[in-house]
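Trainee: Provided herewith is a single structure, encoded as structure tokens, for subsequent inquiry.
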Amino acid sequence: METSAEFAIRNSTAHCLGYWTASNLHEIEKRLCSLDWPGGAIRFDLSQLDALDTPGAWLLHQTINELKADGKEVLISGADEQVKQLLALVNDNSGAARDPPKPYLPGFLESVGRHTASQFQQYQEFLNFVGEVAVVIWRLLLRPWRIRGALVVKELETAGLNALPIIGLLAFLLGIVIAYQGGIVLRDYGASIYVADIVGLSMVRELAPLITAIIVAGRTGSAYTAQIGTMMVTEEIDALRSIGIAPMEMLVLPKLIALIIALPLLTVFADVMGLFGGMIMANTMLGLNSATFVDRLGEALSLQSYLTGIGKAPVFATIIAIVGCFQGFRVFGSAESVGRQTTISVVQSIFLVIIVDSAFSVAFSKLGI
Amino acid sequence: MQNVECVTDNPLEPPSGNYVLEAHDLVMCFGRRCVLNGISLNVRRGEVLAIVGGSGSGKSTLMRQLAMLQTPTAGSVTVFGTDVTNISEFGAIPLRRRLGVMFQDGALFGDLTVLENISMPLREHTHLSLHLIEQIAMIKIALVGLDPGDAALYPSQLSGGMRKRVAVARGIALDPEILFLDEPSSGLDPISADAMDELVLQLKQTLGLTVILVTHDMDSLWRIADRILLLADAKVAIQGTIHELVDSNNEVSRQFFHGRRGRASGALYG
């Protein structure tokens, strides 16, 4: 049912008619702003109001008060009990409505300062966390039977086994792409056979470990943060502490151990799938048959190349597990914070993985490996 | 009980009969487990109806169905004379504007301040100027007993009791005709819980609200409920005024009101 609010002035009497409710009032609000009030006393006739709500009552109250402030005499007539009550209600609470406080917004310099300080604090906390993990590892090395084997196996399943399909598929596609890009150039020079070198070296030394680490950071690192973060919000971490279980031992160590085992294995799998993809592409695009490709691969790839690739994986695993858990423990307050920290965790671990990977490259080239 | 003929403050659509809200044979099943099994009820304009029952008795589910937040497995819900059982999300909007809901933990929007939380329904559904909207929101803040200075705070900076108050303020932002309260006094200290009861009474009187609340709180039942609906085994075990329930021989009602807590509150108010 369509309703409307009306307002009219006749002979120094302001008639308020119809439904003075929030959804009908915008026109009247505009009109009241630019209205020429007649001189002398003004009477508000409210007898024809069909409905009034708090916004309506407030608008009326404001108008009347402004008129009074201008020194006019204002009379109200025809208000029923309900209307009187509402007018009294907004009058009682009008003190609060004067000027709504604004939240404090820091200036540019202050924002920069606060951000710097909080970043600094975060690095400090991160170092603390790494130290704490090291201490727990040391304690467990002295008493290895306290390692929670069942939890490690469970984490191995979720972080390792369940990740096989996606890592296999992506490495396979990556192999295809590299073979294609390299093959175009090599074919022109009649050097198609060297596509095995390109795919082999780039996959095994560099791309397989990196793509595996990035997928695991997005898939498993984020899950670590979300799990620990949710447990922080629901006070489960405190509950663990209160029944005498160290969250580090129960939550962080099994994840760390499992990921250090799983990531190198996943990298090997990615190596195989990537080379397989390259082989398929070499076959279909360059007409290189599989036996030739594999032969060439044997010459191009040394054991050293293979090990430099695999060797990075445990380091990446440590970064992903520690950053994931650390950001989980930084969750504070509400569920909203879980989402925020999870995002930070993924971005940070991918960032660190790439930084460390380039550091490895520099080190390897200096060492001539 | 509230008299049926009480003056209505917003007679936009006269409800069918004298009821603003009706439910017929509501059934709600999750898989094989039915939490509601054939519940019928009517709510009169201006009354405070309390839905009570043991934990897991389907109180909150019933409230969610009445507030048009969940579609029942079977049965029908009628709001202001309109059957809303199979209403579209879009068609429900005009009716939803006439309902206010306070969720148990407030369900305040975490990235908005208290003032913005309360202004939001007004900004969405009216064309009033922002200045006026903020003033109206400030009135609601004062009305629920919060300090005007709290308006600039974010929900994470509020205590549980304050969050509930802000949630009530947001619930009444559009001057609804029916206000749903999910456990308004749970988790509050006795003083805050008393204040919450007073607030409900005050809102009912000044704004002419119809209030439907889910509660465990015996004191609230004595203090503010006009009528009580006691749920047990997915059905309405008994309904009536607190005195009728206390005096009845119904087994569930006896357990509920003649336990230690029930007797203590009864001794105070009854």
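Residues in the structure tokens are numbered from 1 in each chain, the chains being A, B, ... in the order shown, and ligands are numbered from 1 in the order shown.
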If we count only C-alpha atoms and set the cut-off at 10 Å, which residues sit around Glu206 of chain A, ignoring sequence neighbours fewer than 2 positions away in its own chain? Please answer as number ranges by chain.
Mentor: A: 200-204, 208-211, 271, 305-306, 308-310, 312, 357-358, 361
Trainee: Kindly determine which residues of chain B lie within 8 Å of chain A, considering only C-alpha atoms, and give the answer as an NGL selection string.
Mentor: :B and (9-13 or 110 or 113 or 122 or 125-129 or 134-139 or 141-143 or 148-149 or 151-153 or 156 or 174-175 or 206-207)
Trainee: How would the residues just chosen look if you wrote them out with C-alpha atoms as a PDB file, in the first residue's frame?
Mentor:
```
ATOM      1  CA  ASP B   9       0.808   3.147  16.120  1.00  0.00           C
ATOM      2  CA  ASN B  10       1.245   2.272  12.471  1.00  0.00           C
ATOM      3  CA  PRO B  11      -1.918   0.954  10.888  1.00  0.00           C
ATOM      4  CA  LEU B  12      -0.405   0.650   7.408  1.00  0.00           C
ATOM      5  CA  GLU B  13      -2.007  -2.716   6.850  1.00  0.00           C
ATOM      6  CA  GLY B 110      32.689  -5.435  12.355  1.00  0.00           C
ATOM      7  CA  THR B 113      31.216   1.982  13.844  1.00  0.00           C
ATOM      8  CA  LEU B 122      17.974   4.066   7.477  1.00  0.00           C
ATOM      9  CA  HIS B 125      15.606   2.259   3.072  1.00  0.00           C
ATOM     10  CA  THR B 126      14.993   6.004   3.274  1.00  0.00           C
ATOM     11  CA  HIS B 127      16.066   9.021   1.256  1.00  0.00           C
ATOM     12  CA  LEU B 128      16.642  11.254   4.248  1.00  0.00           C
ATOM     13  CA  SER B 129      19.754  13.402   4.461  1.00  0.00           C
ATOM     14  CA  GLU B 134      22.795  10.329  12.008  1.00  0.00           C
ATOM     15  CA  GLN B 135      20.692  12.368  14.399  1.00  0.00           C
ATOM     16  CA  ILE B 136      17.985   9.704  14.371  1.00  0.00           C
ATOM     17  CA  ALA B 137      20.612   7.020  14.967  1.00  0.00           C
ATOM     18  CA  MET B 138      21.941   9.054  17.909  1.00  0.00           C
ATOM     19  CA  ILE B 139      18.442   9.177  19.384  1.00  0.00           C
ATOM     20  CA  ILE B 141      21.643   5.143  20.829  1.00  0.00           C
ATOM     21  CA  ALA B 142      20.391   7.268  23.704  1.00  0.00           C
ATOM     22  CA  LEU B 143      17.133   5.327  23.763  1.00  0.00           C
ATOM     23  CA  PRO B 148      26.622   9.263  22.912  1.00  0.00           C
ATOM     24  CA  GLY B 149      30.417   8.936  23.006  1.00  0.00           C
ATOM     25  CA  ALA B 151      28.817   6.037  18.750  1.00  0.00           C
ATOM     26  CA  ALA B 152      32.319   6.305  17.305  1.00  0.00           C
ATOM     27  CA  LEU B 153      33.488   2.935  18.667  1.00  0.00           C
ATOM     28  CA  SER B 156      35.308  -5.080  18.791  1.00  0.00           C
ATOM     29  CA  LEU B 174      13.370   1.685  11.183  1.00  0.00           C
ATOM     30  CA  ASP B 175      10.757   1.752  13.954  1.00  0.00           C
ATOM     31  CA  THR B 206       6.962   4.211  23.986  1.00  0.00           C
ATOM     32  CA  LEU B 207       7.149   2.712  20.515  1.00  0.00           C
TER      33      LEU B 207
END
```
Trainee: For atom CA of Gly259 of chain B and atom CA of Ser57 of chain B, quote the distance in Å rounded to one decimal.
Mentor: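 Rounded to one decimal, the two atoms are 17.8 Å apart.
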Trainee: Taking 4 positions as the minimum chain separation for residues in the same chain, which residues sit within 7 Å of Ala179 of chain A when counting only C-alpha atoms? Answer as a ChimeraX atom specification.
Mentor: /A:175,183,195,199,278,281-282
Trainee: Deliver the residues from the most recent selection as a file, using C-alpha atoms, as a PDB file, in the first residue's frame.
Mentor:
```pdb
ATOM      1  CA  GLY A 175      56.112 -28.500 -18.495  1.00  0.00           C
ATOM      2  CA  GLY A 183      60.472 -25.269 -28.788  1.00  0.00           C
ATOM      3  CA  VAL A 195      64.150 -28.704 -25.599  1.00  0.00           C
ATOM      4  CA  VAL A 199      62.494 -28.338 -19.752  1.00  0.00           C
ATOM      5  CA  GLY A 278      57.508 -31.378 -21.650  1.00  0.00           C
ATOM      6  CA  MET A 281      54.730 -31.344 -26.007  1.00  0.00           C
ATOM      7  CA  ALA A 282      58.107 -32.133 -27.611  1.00  0.00           C
TER       8      ALA A 282
END
```
Trainee: Could you tell me how far atom CA of Phe109 of chain B sits from atom CA of Val52 of chain B, in Å to one decimal place?
Mentor: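 About the pair atom CA of Val52 of chain B and atom CA of Phe109 of chain B: they are 28.1 Å apart.
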Trainee: Leaving out Phe172 of chain A and any residue of its chain fewer than 3 positions from it, which residues lie within 10 Å of it when counting only C-alpha atoms, given as a list in words?
Mentor: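 Those residues are Ile166, Ile167, Gly168, Leu169, Gly175, Ile176, Val177, Ala208, Ala270, Asp271, Val272, Met273, Gly274, Leu275, Phe276, Gly277, Gly278, Met279 and Ile280 of chain A.
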